[in-house]
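Participant: Structure in structure tokens, see below.
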Amino acid sequence: MERTVGRPATAETSGRAMRDRLTRLVAVGEVGVLLALVVIVAFFFVLEPAFLSERNIRAILRVVSFVGIIAIGQTLLLVCGEFDLSVGAVAGLSAVVSAKLMTALALPVPIALLGGVAVGGLVGLVNGLAVVRLRIPAFIQTLGMLFIGQGLIQVVTNGYPVYPLPKVIGEIGMAGFVFGLGWSFVFFVVAAISADFVLRRTVLGRNMYATGGNPEVARLVGIDTARMKIGAFVTVGMLAAVAGMFVMADLSSGTTSIGSGWELTVIAGVVVGGVSLFGGAGTMAGGLIGILLLQVVTSGLVVIGVNANWQQIAVGLIMVIAVGLDVLRRRTFIAGSGSEPPAEPASPAKP
Amino acid sequence: MERTVGRPATAETSGRAMRDRLTRLVAVGEVGVLLALVVIVAFFFVLEPAFLSERNIRAILRVVSFVGIIAIGQTLLLVCGEFDLSVGAVAGLSAVVSAKLMTALALPVPIALLGGVAVGGLVGLVNGLAVVRLRIPAFIQTLGMLFIGQGLIQVVTNGYPVYPLPKVIGEIGMAGFVFGLGWSFVFFVVAAISADFVLRRTVLGRNMYATGGNPEVARLVGIDTARMKIGAFVTVGMLAAVAGMFVMADLSSGTTSIGSGWELTVIAGVVVGGVSLFGGAGTMAGGLIGILLLQVVTSGLVVIGVNANWQQIAVGLIMVIAVGLDVLRRRTFIAGSGSEPPAEPASPAKP
Amino acid sequence: GSGGAALAEGKNILWVQPMRDHPVHRLMQAGFLAKCKELGNTCEVVGNPSATNYDVSASIPLAEAAMARTKFDAIAVYGPGPEIYPFIGKLGQEGFPVVTWHVLPAEGSVPGLKAATGEDIPSAGKAAAEAMGAKLGGKGVIALTQGSSNDTENVMSDSFRKTMAEKYPDIKILDTQMEGFEPSSAEAKAVALLQGNPDVNAAFSTTGNGIQTWSGAARKAGREGLVIVGMDYIRQNLDIVKAGGAWGVVAQPLYEESAKTAELANHLAEGKTVPYLNPLPAAVLTAGDLEPYYKMLDSAGQ
Amino acid sequence: MSGDTASPPVIETRAVVKSFAGVQALRGVDLTVRAGEIHALLGQNGAGKSTLVKILNGVHPAGSFSGDIRVAGRPVSFRSTSDARAEGVGYVPQEIEVLEQLTVAENVFAGQTGLGAGVLVSQRRLEERTRALFAEIGLAIDPRALVASLTAAQRHLVMIARALSFRPRVLMLDEPTASLSGVEVERLFAVLRRLKAQGSTMIFITHRLPEVLAICDRATVLRDGRVAAEIGREAFDAERFIFAMSGQRLQRLYPHHEPPPPAPPLLSVRNLTIAGRFGVNRGVSDVGFDVRPGEILGLAGLLGSGRTEILHAIYGRIPFAGEIAIAGRPVTIRKAGDARAAGIALLTEDRKRDGLLFNLPVGANITIGNLGPLASRGIVSDRKEKSAVLAAMRSLAVKARSPQSSVAHLSGGNQQKLLFARVLMSGPRVLLLDEPTKGVDASTRHEIYRLIVDLAEKGVALVVVASELEEIIGIADRCLVVADGRIVDEFKRGEGSEDRVLRAVAAAQAAATMATALPASGRIG
Ligand SMILES: Nc1ncnc2c1ncn2[C@@H]1O[C@H](COP(=O)(O)OP(=O)(O)OP(=O)(O)O)[C@@H](O)[C@H]1O
Ligand SMILES: Nc1ncnc2c1ncn2[C@@H]1O[C@H](COP(=O)(O)OP(=O)(O)OP(=O)(O)O)[C@@H](O)[C@H]1O
Ligand SMILES: O[C@@H]1[C@@H](O)[C@H](O)OC[C@H]1O
Ligand SMILES: [Mg+2]
Ligand SMILES: [Mg+2]
């Protein structure tokens, strides 16, 4: 930049700053996906105004609050440069364990719920220690943990849903204060805002970006990257547990299938939202908008009455297109139109 | 090392060569997982000699040949620095499409089979173009394609297995020449040997390692990295199609669930075998031994009569332990005992 | 929606079925949609699109989305386990008549539920056990597999075991193994099971792929004499039984129960009352009993 | 003078031994660095300099080596870099290590607290403090710029600022000047002198011996992991350094080369214009030159002047407008493959980023892209490859245990030679060399100069970019001075000087500034 001589230094500086600011604005992960979200919502709304009916919005937000709680953790973990495929199994395991604690062992509900969170935290700790200390690649460790967790769900329940649960669980699930949404949504919002704050405004958040961006640098400047990553694994485990237990409350049943198949959807959502699979890039808002986008598409296709067989195809297409447009935007605004691939790091160019 | 003055050159040379050979031996990706495989096989055999019965071996090899055919492609693609989550859906889609071609459209069987391969190749081409030209991250592109493929299976079949198929399909599936294994195994072995040869001995193979290792450098030395990657995507698509059609022949039916869930097992297998998720590292032998290891474990646990609930747990544990031991071996023999992270790029240290 | 076979003046009926791409579930949808059309209703199917993941919490918002758009007159909810009961209860509270199928929860046990149809699973399991026990002459070893651990299959297995223990105490049943839903790996597991247990002379599977799984495994393991019983009268299963690759198939009334569901929903939508329990038979078919079923498949265009 | 024996040792190591899987990097090093001195750590590539400072910074943690370390007289045992930081030890690593996705300010204060209330980080505070620090050390980089958009040299400066940001008592700089040119080096030295005046102690690693003479108070020379000499400022002498490092006498630094007789140009470049691309490069306008067979053309200039871009354009790595002809025949170059087909080869300036393939061993690194002649019908002949590799390694004296060794653990100089071997294997007619001696020790440098001259004598046309003006003037037959993407001066061997280059650049900048009637902003970023 400084080579643009012939231009007054001060003007140059301010022009540069201006351009930088602009770059950073469009470089922000959220802009692209937010735009995609708005367009898609508008599209569904025009085709079928019922899409924005209270009922549908509520249903969407409700399910987003479940997966979203995990997505918060997954975003933190991805920023730290790791990921977790076991979240679905952890959600299911924590749910059935806490369900068993409150039925078979007849423990008080709060204790049983804490037990569920503890299970999630413990699994996260094991994942974190294995990845950080034993250097087992996260892919293998957390995929292995996915299997282990699924197996443990069967061991704990012997394959039968834990049912009935104490009444209060159903009440937690049914509660509908706040636009008919209740506890899971409140938890989700509070957790999302806190996590966003941590990421953007605190030393801890800065250190997480450094850890994921370049662990070498992070270590050089004295960041305990091991603790950072292990902490993120534990957090995602605990959040998965909470999500699983909210689903349990919603279903008033400790069902063995809670969380099955979530491993890829959660990662897909946050990656669509601009969080890099390679660490160090992405924002909480982006990740959660990504999750919302996927749910909006899934629901919207039903609302506008797309044939069931084509719905999944449309979800796949839209996911790819949303990311494709985002990549295009980044290339146009950030790296120019050059043909050689710049080390375009703010982009999730190749997760 | 090279500046150890003052020592007789010849002794030094031979000692050095020896050490080099040793280091290289244990450094080879395959050694660790091969060892794990041997230990596990021995373990199962001791507990239940029927594990090594001809029939069981045959059954294991048969299943391995299906997934293995895909693993060949996935290994090539991983070496080039990308991966494909859509393989399972592509296998299923190609199977049902070729089944429909030979039934609903009554095309001759060879044409229908070619049609199936063409579908796989086409999907691979789309994946490749999207990843390389549009720079959509492979994770998103191929996950999207997984959804699209699953949807297309439903569209093509409307959810029903395509059945009955022409007799000859059943005969292909039943054929038992070569140790009772038949076509799929023969294809697998031939493809594996060819792919191994390509990777180890040809210019193409070398260029693939370069592409996956550092595409920037590969481009600078004149390698067409785009063609390399797109080619690998097409190859993995076609191989997935072939695998799907072999399963179809085995079942004599174009079942819609062919390939479901393969996306993670195939990658898990080859990564267990030392192929790096980050590209440029790993061998064909390693990847295939990894797949075999997972299949042996799954099968062996049933043979020795482990409770179903614990089988999945054991699979998860063994997968993690196998990789853990491998990481340990590399750290001990290759990087010295240092606890700092060496820039050890040939290792799949953190896929 | 899919299969929106619309006659404008008909009723709107919603069909909620998680894991909607499972082949068995697709067969149910076919029965429903065909009957629905026949009755002149507009019918729609929603559910998470998977052949393997039974995800209730992902399916509910899809039902909500459809309900946000269309005022349904009756709703059919696939109800194999308690996790769906709260949703049924909520629909009931909102005034929707709700029918379920495939399992028969006791009357009053599910708030909001107006009617249920389907085989009585315990009696289907019992029938299978009785037929196999007789075929085996009261002795032998049976391998038992499920697709996955779910309420329907669990109940079927339990009743199978219980009946066997009561009536044929000399028959041993191995621990249950899970096949999963991917055919090639299911078969490999079955082969391994046979290898580890040379004394097995019969196999019972509670899932629709089971007949293919076990007949393939028996062939590969060289255990042609195996007495195999599995679920569901899809054409390939009937062919296998006919050809002697398996001995019997439990004719879960998949198509009938879903047609029946459409009928019940239609009545409820029209404000009529229907009986709460509508059990259907689930016979064990062997080679001699197949013809009527072939006919039914033919007429269903399958 | 601060190097006098009266001042107490701040850093002392005793019998430090460190080995990596069979490689003895340090064989018992006793180092003493006194308070307030700038201590040069010298040695050939692979002598163990980086390893030693990594140990002193906790990068290689206590337990991974043997020996004792004392800081300010107290024994210490650093388990991590944060332990070292806590003792006031700062470190600028040899390789560029930055957080590309973050801003300059975020990079400078990475890992630090106190940038807002409690655990909070105030963006404003962060930028202010960065600005203050930059003002103090004379850096003109926008704190809000993304590091991804900086050049290699700027990144290096950000790393230096990062080390300075927590006010270390002892600062260790591992080849901080390797990618800087004269002006930037001078500015860095000004900073170091100021730090020294404030009482800081520094360890300074460099292969540029004049820099040692310019700024250091004492020197320790490592050789094969041992201390070969400790030299006080009074005994400083380039020849002595070289002898201590290598056991050899200083050879004539720049080998003799007669400029070739007039001949038609082998490489002609006309109207070469490169559009500035936001964040990646800043453009080149209307550059034209010819290079004869056997001629060594130097491109001199300051950082970011556009020399690298010119080379990259000729090699087809970045899009450009203009004409390129080889031996009088116009060629169309759109990608590297086109340039290679035309007989052009490029040695890039950043070994780690776009030179080495860390996943392949030494041999395959040399032959990659050159396998054609070593293969028949696409199948690589092991025998041919091995002999080609061994021949290449021998002729360039690449010191690696075997063709199968990992490139990651070669020393910088040997990595550089390896890349030379790769580039030469294709038998280029035109050779573009970008910073061919970056990070290379004095004797290897000499070998590289020798190599360049040999190639010229074989009729190869060479274009060389080097940031050390002395070097480019010494090696080139003819020199073009590049400033702001334009050629502003040209001189033949023997006619130029560092001064002339600097004056040409300054004049160009002044002219540009005059045009807008505003003073130039002096900056090194
Ligand atoms: N992580 C490592 N693993 C194996 N060997 C290593 C490692 N790091 C350094 N070495 C070896 O240790 C020796 C000393 O290396 P070091 O990097 O300290 O040299 P240096 O003096 O800094 O050289 P240069 O001037 O090239 O930077 C070399 O032989 C090098 O190959
Ligand atoms: N780390 C890097 N990331 C991206 N591009 C780089 C990097 N290093 C060098 N480049 C490319 O090289 C060009 C020159 O950058 P560099 O910092 O090397 O300047 P220089 O070589 O000192 O100056 P000159 O342009 O005069 O050669 C950049 O404009 C860019 O195209
Ligand atoms: O037979 C099973 C069916 O009852 C269940 O609902 O879906 C899966 C099948 O295996
Ligand atoms: Mg060094
Ligand atoms: Mg340069």
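Letters A, B, ... go to the chains of the structure tokens in the order shown; residues in each chain start at 1; ligands are counted from 1 in the same order.
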Counting only C-alpha atoms, what is within 7 Å of Ala308 (chain B), bar same-chain residues fewer than 4 positions away, as JSON, numbers by chain?
Facilitator: {"C": [176, 177, 178]}
Participant: Neighbours of ligand 2 at 6 Å or closer, counting only C-alpha atoms and all ligand atoms: which residues, as a list in words?
Facilitator: Thr151, Ala152, Ala153, Val280, Asn281, Leu303, Gly304, Ser305, Gly306, Arg307, Thr308 and Glu309 of chain D
Participant: For the selection just defined, write its residues with N, CA and C atoms to a file, as a PDB file, in the first residue's frame.
Facilitator:
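out_36.pdb, written as the output of this step:
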```pdb
ATOM      1  N   THR D 151       3.570  -7.365   3.430  1.00  0.00           N
ATOM      2  CA  THR D 151       4.643  -8.096   2.770  1.00  0.00           C
ATOM      3  C   THR D 151       5.469  -8.826   3.824  1.00  0.00           C
ATOM      4  N   ALA D 152       6.308  -9.704   3.317  1.00  0.00           N
ATOM      5  CA  ALA D 152       7.132 -10.505   4.212  1.00  0.00           C
ATOM      6  C   ALA D 152       7.923  -9.616   5.164  1.00  0.00           C
ATOM      7  N   ALA D 153       8.502  -8.568   4.643  1.00  0.00           N
ATOM      8  CA  ALA D 153       9.335  -7.708   5.481  1.00  0.00           C
ATOM      9  C   ALA D 153       8.495  -7.004   6.537  1.00  0.00           C
ATOM     10  N   VAL D 280      -2.474  -7.428  -1.845  1.00  0.00           N
ATOM     11  CA  VAL D 280      -1.504  -8.444  -2.198  1.00  0.00           C
ATOM     12  C   VAL D 280      -0.248  -7.823  -2.832  1.00  0.00           C
ATOM     13  N   ASN D 281      -0.426  -7.011  -3.851  1.00  0.00           N
ATOM     14  CA  ASN D 281       0.749  -6.294  -4.331  1.00  0.00           C
ATOM     15  C   ASN D 281       0.328  -4.943  -4.887  1.00  0.00           C
ATOM     16  N   LEU D 303      12.525  -2.292  -0.019  1.00  0.00           N
ATOM     17  CA  LEU D 303      11.449  -3.237   0.205  1.00  0.00           C
ATOM     18  C   LEU D 303      10.186  -2.796  -0.491  1.00  0.00           C
ATOM     19  N   GLY D 304       9.526  -3.744  -1.102  1.00  0.00           N
ATOM     20  CA  GLY D 304       8.236  -3.442  -1.684  1.00  0.00           C
ATOM     21  C   GLY D 304       8.327  -2.564  -2.907  1.00  0.00           C
ATOM     22  N   SER D 305       9.502  -2.483  -3.493  1.00  0.00           N
ATOM     23  CA  SER D 305       9.640  -1.621  -4.664  1.00  0.00           C
ATOM     24  C   SER D 305       9.047  -2.275  -5.906  1.00  0.00           C
ATOM     25  N   GLY D 306       8.840  -3.560  -5.869  1.00  0.00           N
ATOM     26  CA  GLY D 306       8.216  -4.227  -7.007  1.00  0.00           C
ATOM     27  C   GLY D 306       9.121  -5.218  -7.715  1.00  0.00           C
ATOM     28  N   ARG D 307      10.287  -5.465  -7.141  1.00  0.00           N
ATOM     29  CA  ARG D 307      11.219  -6.378  -7.807  1.00  0.00           C
ATOM     30  C   ARG D 307      10.659  -7.791  -7.860  1.00  0.00           C
ATOM     31  N   THR D 308      10.115  -8.228  -6.736  1.00  0.00           N
ATOM     32  CA  THR D 308       9.555  -9.575  -6.704  1.00  0.00           C
ATOM     33  C   THR D 308       8.414  -9.717  -7.714  1.00  0.00           C
ATOM     34  N   GLU D 309       7.598  -8.689  -7.772  1.00  0.00           N
ATOM     35  CA  GLU D 309       6.479  -8.753  -8.714  1.00  0.00           C
ATOM     36  C   GLU D 309       6.969  -8.868 -10.155  1.00  0.00           C
TER      37      GLU D 309
END
```
Participant: Among region 68-113 of chain C, which ones does DSSP assign to strand (DSSP E or B) (computed from the backbone)? Answer as a ChimeraX atom specification.
Facilitator: /C:74-77,98-101,113
Participant: Please list as an NGL selection string every residue within 12 Å of Thr103 (chain B), counting only C-alpha atoms and excluding residues in the same chain fewer than 2 positions away.
Facilitator: :B and (96-101 or 105-109 or 111-113 or 157 or 161-167 or 169 or 253-254)
Participant: Residues of chain B near chain C: apply a cut-off of 8 Å, count only C-alpha atoms, and supply the list as a PDB file with C-alpha atoms, in the first residue's frame.
Facilitator:
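Resulting contents of iface-v4.pdb:
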```
ATOM      1  CA  GLU B  48     -11.904 -67.601  18.846  1.00  0.00           C
ATOM      2  CA  ALA B  50     -13.063 -69.377  13.956  1.00  0.00           C
ATOM      3  CA  PHE B  51     -12.089 -65.755  13.400  1.00  0.00           C
ATOM      4  CA  SER B  53     -11.730 -69.456   9.302  1.00  0.00           C
ATOM      5  CA  ARG B  55     -15.252 -68.116   5.493  1.00  0.00           C
ATOM      6  CA  ASN B  56     -14.804 -65.318   7.915  1.00  0.00           C
ATOM      7  CA  ALA B  59     -16.540 -62.299   4.381  1.00  0.00           C
ATOM      8  CA  ILE B  60     -14.240 -59.646   5.762  1.00  0.00           C
ATOM      9  CA  VAL B  63     -16.883 -56.152   2.612  1.00  0.00           C
ATOM     10  CA  GLN B 154     -35.220 -40.881  -3.465  1.00  0.00           C
ATOM     11  CA  GLY B 159     -37.953 -44.757  -2.071  1.00  0.00           C
ATOM     12  CA  TYR B 160     -38.399 -48.325  -3.264  1.00  0.00           C
ATOM     13  CA  PRO B 161     -35.591 -50.731  -3.966  1.00  0.00           C
ATOM     14  CA  TYR B 163     -35.892 -54.966  -7.938  1.00  0.00           C
ATOM     15  CA  PRO B 164     -35.731 -57.442  -9.582  1.00  0.00           C
ATOM     16  CA  VAL B 247     -22.952 -53.958  -3.504  1.00  0.00           C
ATOM     17  CA  LEU B 251     -27.704 -57.900  -3.045  1.00  0.00           C
ATOM     18  CA  SER B 253     -31.175 -55.287  -5.764  1.00  0.00           C
ATOM     19  CA  THR B 256     -31.719 -47.213  -1.546  1.00  0.00           C
ATOM     20  CA  SER B 257     -29.628 -47.562   1.572  1.00  0.00           C
ATOM     21  CA  ILE B 258     -26.478 -48.666  -0.257  1.00  0.00           C
ATOM     22  CA  GLY B 259     -23.593 -46.552   0.905  1.00  0.00           C
ATOM     23  CA  SER B 260     -25.409 -44.800   3.711  1.00  0.00           C
ATOM     24  CA  GLY B 261     -22.950 -43.806   6.403  1.00  0.00           C
ATOM     25  CA  THR B 298     -16.046 -54.768  13.671  1.00  0.00           C
ATOM     26  CA  SER B 299     -16.160 -58.352  12.552  1.00  0.00           C
ATOM     27  CA  GLY B 300     -13.943 -59.762  15.271  1.00  0.00           C
ATOM     28  CA  VAL B 302     -19.022 -60.102  16.744  1.00  0.00           C
ATOM     29  CA  VAL B 303     -17.095 -63.344  16.293  1.00  0.00           C
ATOM     30  CA  ILE B 304     -15.770 -63.369  19.831  1.00  0.00           C
ATOM     31  CA  GLY B 305     -19.230 -62.537  21.063  1.00  0.00           C
ATOM     32  CA  ASN B 307     -22.151 -57.703  23.678  1.00  0.00           C
ATOM     33  CA  ALA B 308     -23.668 -55.561  20.951  1.00  0.00           C
TER      34      ALA B 308
END
```
Participant: Considering only C-alpha atoms, return as a VMD selection string whatever protein or nucleic-acid residues lie within 10 Å of Phe243 (chain D), sequence-local ones (same chain, fewer than 4 positions apart) excluded.
Facilitator: chain D and resid 221 228 to 229 238 to 239 247 to 250 443
Participant: Take the residues that were just selected and, keeping C-alpha atoms, output them as a PDB file, in the first residue's frame.
Facilitator:
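Result file follows (out_9.pdb):
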```
ATOM      1  CA  VAL D 221      30.767 -17.998  17.236  1.00  0.00           C
ATOM      2  CA  ALA D 228      34.335 -21.924  18.514  1.00  0.00           C
ATOM      3  CA  ALA D 229      35.266 -18.440  19.636  1.00  0.00           C
ATOM      4  CA  ALA D 238      35.182 -10.276   9.212  1.00  0.00           C
ATOM      5  CA  GLU D 239      37.997 -12.582   8.285  1.00  0.00           C
ATOM      6  CA  GLY D 247      37.860 -23.025   9.741  1.00  0.00           C
ATOM      7  CA  GLN D 248      38.597 -21.527   6.355  1.00  0.00           C
ATOM      8  CA  ARG D 249      40.168 -18.330   5.238  1.00  0.00           C
ATOM      9  CA  LEU D 250      38.001 -15.650   3.737  1.00  0.00           C
ATOM     10  CA  SER D 443      30.807 -19.507   2.997  1.00  0.00           C
TER      11      SER D 443
END
```
Participant: Between CA of Arg125 (chain D) and CA of Ala163 (chain D), what distance in Å does the model show, to one decimal?
Facilitator: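 About the pair CA of Arg125 (chain D) and CA of Ala163 (chain D): they are 18.5 Å apart.
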Participant: Residues within 6 Å of ligand 1, counting only C-alpha atoms and all ligand atoms: report them as a list of chain:residue names.
Facilitator: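 Listing the residues within 6 Å of ligand 1 gives B:Pro342, D:Phe20, D:Val23, D:Ala25, D:Gly43, D:Gln44, D:Asn45, D:Gly46, D:Ala47, D:Gly48, D:Lys49, D:Ser50, D:Thr51, D:His409, D:Leu410, D:Ser411, D:Gly412, D:Gly413.
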Participant: At a cut-off of 8 Å, which residues of chain D touch chain B? Count only C-alpha atoms and give the answer as a ChimeraX atom specification.
Facilitator: /D:19-24,59-61,64,224,317,335-337,340,354-360,364,368-369,371-372,375,378-381,399-401,408
Participant: Can I get the selected residues back with C-alpha atoms, as a CSV table (one decimal), in the first residue's frame?
Facilitator:
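Okay, this is what ended up in result.csv:
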```csv
chain,number,residue,atom,x,y,z
D,19,SER,CA,19.8,-33.4,20.2
D,20,PHE,CA,16.9,-34.2,17.8
D,21,ALA,CA,16.4,-37.8,17.0
D,22,GLY,CA,20.0,-38.6,16.3
D,23,VAL,CA,21.0,-35.1,15.3
D,24,GLN,CA,23.3,-33.3,17.8
D,59,VAL,CA,10.5,-23.0,22.9
D,60,HIS,CA,12.5,-26.1,23.5
D,61,PRO,CA,11.3,-26.6,27.1
D,64,SER,CA,14.3,-31.5,26.3
D,224,ASP,CA,29.0,-27.7,15.0
D,317,ARG,CA,2.7,-16.2,-11.4
D,335,LYS,CA,1.1,-19.7,-15.9
D,336,ALA,CA,4.3,-21.1,-14.5
D,337,GLY,CA,4.1,-24.0,-17.0
D,340,ARG,CA,9.1,-23.2,-17.9
D,354,ASP,CA,6.6,-21.3,-1.7
D,355,GLY,CA,9.8,-23.2,-2.0
D,356,LEU,CA,10.0,-26.4,0.0
D,357,LEU,CA,7.6,-29.3,0.0
D,358,PHE,CA,7.8,-30.4,3.6
D,359,ASN,CA,5.9,-33.6,2.9
D,360,LEU,CA,8.5,-34.9,0.5
D,364,ALA,CA,11.8,-35.6,-4.4
D,368,ILE,CA,9.7,-32.3,-8.5
D,369,GLY,CA,8.7,-30.7,-11.7
D,371,LEU,CA,10.7,-35.8,-13.6
D,372,GLY,CA,10.1,-35.8,-17.3
D,375,ALA,CA,10.8,-41.2,-16.4
D,378,GLY,CA,5.2,-41.6,-16.9
D,379,ILE,CA,7.0,-44.1,-14.7
D,380,VAL,CA,9.8,-42.7,-12.7
D,381,SER,CA,13.1,-44.6,-12.9
D,399,LYS,CA,24.5,-31.4,3.0
D,400,ALA,CA,21.8,-33.8,3.8
D,401,ARG,CA,22.1,-37.3,5.3
D,408,ALA,CA,12.3,-29.7,7.5
```
Participant: Expressed in Å to a single decimal, how great is the separation between CA of Phe87 (chain C) and CA of Ile60 (chain C)?
Facilitator: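 That distance, rounded to one decimal, is 7.7 Å.
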Participant: Restrict the distance test to only C-alpha atoms, flag each residue of chain B within 9 Å of chain A, and return the flagged residues as a ChimeraX atom specification.
Facilitator: /B:82,130-131,134-155,158-159,216,264,268,271-272,277,308-321,323-324,327-328,341,348-351
Participant: To check your reading of the model: which residues sit at most 6 Å from ligand 3 when counting only C-alpha atoms and all ligand atoms? Write the answer as a list in words.
Facilitator: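 Using only C-alpha atoms and all ligand atoms, I find these residues within 6 Å of ligand 3: Gly147, Thr152, Thr207 and Gly208 of chain C.
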Participant: Please save N, CA, C and O atoms of the selected residues as a PDB file, in the first residue's frame.
Facilitator:
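Written file, part-v9.pdb:
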```
ATOM      1  N   GLY C 147     -32.370 -54.028  13.415  1.00  0.00           N
ATOM      2  CA  GLY C 147     -31.768 -52.963  12.606  1.00  0.00           C
ATOM      3  C   GLY C 147     -31.036 -52.007  13.527  1.00  0.00           C
ATOM      4  O   GLY C 147     -29.859 -51.706  13.352  1.00  0.00           O
ATOM      5  N   THR C 152     -39.922 -50.282  18.680  1.00  0.00           N
ATOM      6  CA  THR C 152     -40.648 -51.297  17.926  1.00  0.00           C
ATOM      7  C   THR C 152     -39.877 -52.607  17.912  1.00  0.00           C
ATOM      8  O   THR C 152     -40.411 -53.670  18.250  1.00  0.00           O
ATOM      9  N   THR C 207     -35.947 -56.556  11.474  1.00  0.00           N
ATOM     10  CA  THR C 207     -35.981 -55.430  10.536  1.00  0.00           C
ATOM     11  C   THR C 207     -36.178 -55.913   9.100  1.00  0.00           C
ATOM     12  O   THR C 207     -35.919 -57.075   8.783  1.00  0.00           O
ATOM     13  N   GLY C 208     -36.634 -54.985   8.275  1.00  0.00           N
ATOM     14  CA  GLY C 208     -37.035 -55.333   6.919  1.00  0.00           C
ATOM     15  C   GLY C 208     -35.905 -55.798   6.018  1.00  0.00           C
ATOM     16  O   GLY C 208     -36.132 -56.507   5.044  1.00  0.00           O
TER      17      GLY C 208
END
```
Participant: Quick one: residues within 12 Å of ligand 5, with only C-alpha atoms and all ligand atoms, as an MDAnalysis selection string?
Facilitator: chainID D and resid 151:154 178:181 281 299:312 347:350 432:436 438 464:468 482 485
Participant: Identify, on the basis of only C-alpha atoms, every residue whose closest approach to Leu181 (chain B) does not exceed 7 Å; exclude the query and any residue fewer than 4 positions from it along the same chain; express the result as a count of residues only.
Facilitator: 5
Participant: Looking only at helix (DSSP H, G or I) from DSSP on the backbone, list the matching residues of region 49-294 of chain C as an MDAnalysis selection string.
Facilitator: chainID C and resid 56:69 82:93 121:136 151:167 183:196 210:221 235:242 254:269 287:289 291:294
Participant: Just to confirm, what's the straight-line distance from CA of Val505 (chain D) to CA of Ala483 (chain D) in Å (one decimal)?
Facilitator: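 Going from CA of Val505 (chain D) over to CA of Ala483 (chain D) covers 5.8 Å.
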Participant: May I ask which of the residues D:Ala504, D:Leu297, D:Val108, D:Leu266 is the closest one to Arg129 (chain D), counting only C-alpha atoms?
Facilitator: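 Smallest separation from Arg129 (chain D) among the options: D:Val108.
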